[in-house]
Every structure is written in C-alpha cells, then in structure tokens.
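Asks: There's a structure below that I have some questions on.
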Amino acid sequence: MTAGFLTAFGLGFVYFVAAIPAGVAAGSSTMLAAFAAWAGYSLGGSVVLIAGTPLRSWITRKLKVDPRPDPAKLFWRIWERFGLWGLGLIAPVTIGPQATALLCLSLGETPRRIQLAISLGVLPWVIGFAVVATLGARALR
C-alpha cells in the first residue's frame, strides 16, 4: 500500500473533498486515489449503519427528532422534494457519510438503502475530483 492510497482512504473516511487531490499529491495514481477515497467514504457510512436500530432509537430520543413529516419546517420540505437520493448526492461536499447515515437512520430509512445512497451518491464527485486532480497534477509538471 502506498502512502497516497492510505491518505486518500483516510481522508475519504472523514473529509472527502480533499481525499483524491491529497492522495495524488502523496504519490498515488489518480485511479487508485479515487478508488481509495470512494472506499473510505463508503466505509464511513457503514461504520454508523452497523449499529442500526439501537442507534436510531438513541438519536431520535437524544436529538428529539420527530419522525413524522411537518411540511411547515424547511428540512421536511427539502427531504420530501429530494429524498434520500438527493441527500446521498450532496452529502460528500456537505455533511459527510457519518452524519448522513445518522440523519437517515433517525428518519426511519433502512440501512441498506442508506448505504446504497451514500456509496452511489459520491460517484459523480469521485469522477469530478479525479478529473480535477489529474489536470492539476499535469499542470504542475
């Protein structure tokens, strides 16, 4: 394992935006850094989802999340319009996989659907950041 792979994997787990460029800067190929960032990001959501239902109950109780939709609240209007897939798509550049998994669990989504949304929603970002990292590396040479 190269340092670039481990860098991209670790940053993918906690801060996806920097993962691929940092992996490339640390010496990994763009494709390997992109795969490592995707794997780290997906694992970040999985770690939270393993706890499953007990974690959902704790979050609902602790944060006083009402699982019933309230159209008067902005969050519920956004959730109803874009749903799980919209959240999965914007999570890599906003709240990350762990917070997304926690939020979706508290809203009653199943762990399998959440993991799928997290893992697939990051793919356009993986491609975009890989292209940017490749172009940046070429420009610096």
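Residue numbering restarts at 1 in every chain; chains get A, B, ... in the order shown in the structure tokens, and ligands count up from 1 in that same order.
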Out of chain A, which residues get helix (DSSP H, G or I) from DSSP, as a ChimeraX atom specification?

Replies: /A:3-14,16-25,30-62,74-93,96-106,111-121,123-140

Asks: Near Leu140 of chain A, within 12 Å and counting only C-alpha atoms, which residues show up once chain neighbours fewer than 4 positions away are dropped, as a list of chain:residue names?

Replies: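 Surrounding residues, per the criterion: A:Val24, A:Ala25, A:Ala133, A:Thr134, A:Leu135, A:Gly136.
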
Asks: When you look at Ala19 of chain A with a cut-off of 12 Å (counting only C-alpha atoms), what residues show up, excluding the ones that are within fewer than 2 positions of it in the same chain? I need them as a count of residues only.

Replies: 39

Asks: Could you make a table, as JSON lines, of the residues of segment 6-56 of chain A that have an atom within 9 Å of an atom of segment 99-114 of chain A, each with its nearest atom pair and distance in Å to one decimal, counting only C-alpha atoms, in chain and number order?

Replies:
```
{"residue": "A:Gly44", "atom": "CA", "partner": "A:Ala101", "partner_atom": "CA", "distance": 8.9}
{"residue": "A:Gly45", "atom": "CA", "partner": "A:Ala101", "partner_atom": "CA", "distance": 5.7}
{"residue": "A:Ser46", "atom": "CA", "partner": "A:Ala101", "partner_atom": "CA", "distance": 8.1}
{"residue": "A:Val48", "atom": "CA", "partner": "A:Ala101", "partner_atom": "CA", "distance": 6.4}
{"residue": "A:Leu49", "atom": "CA", "partner": "A:Pro111", "partner_atom": "CA", "distance": 5.8}
{"residue": "A:Ile50", "atom": "CA", "partner": "A:Pro111", "partner_atom": "CA", "distance": 8.1}
{"residue": "A:Gly52", "atom": "CA", "partner": "A:Pro111", "partner_atom": "CA", "distance": 6.8}
{"residue": "A:Thr53", "atom": "CA", "partner": "A:Leu105", "partner_atom": "CA", "distance": 7.7}
{"residue": "A:Leu55", "atom": "CA", "partner": "A:Leu105", "partner_atom": "CA", "distance": 7.9}
{"residue": "A:Arg56", "atom": "CA", "partner": "A:Ser106", "partner_atom": "CA", "distance": 4.9}
```

Asks: Rounded to one decimal, what separation in Å do you get between atom CA of Glu80 of chain A and atom CA of Ser57 of chain A?

Replies: 21.9 Å

Asks: Determine the nearest neighbour of Leu123 of chain A from the options A:Ser42, A:Pro71, A:Arg61, A:Val47, counting only C-alpha atoms.

Replies: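 For Leu123 of chain A, the nearest of the given residues is A:Ser42.
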
Asks: May I ask for the distance between atom CA of Ala51 of chain A and atom CA of Gly121 of chain A, given in Å to one decimal place?

Replies: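 Here the two named atoms are 21.6 Å from each other.
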
Asks: Considering only C-alpha atoms, state which residue in the set A:Trp76, A:Pro54, A:Gly86, A:Val131 is at the smallest distance from Ile118 of chain A.

Replies: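 The answer is A:Gly86, which sits nearest to Ile118 of chain A.
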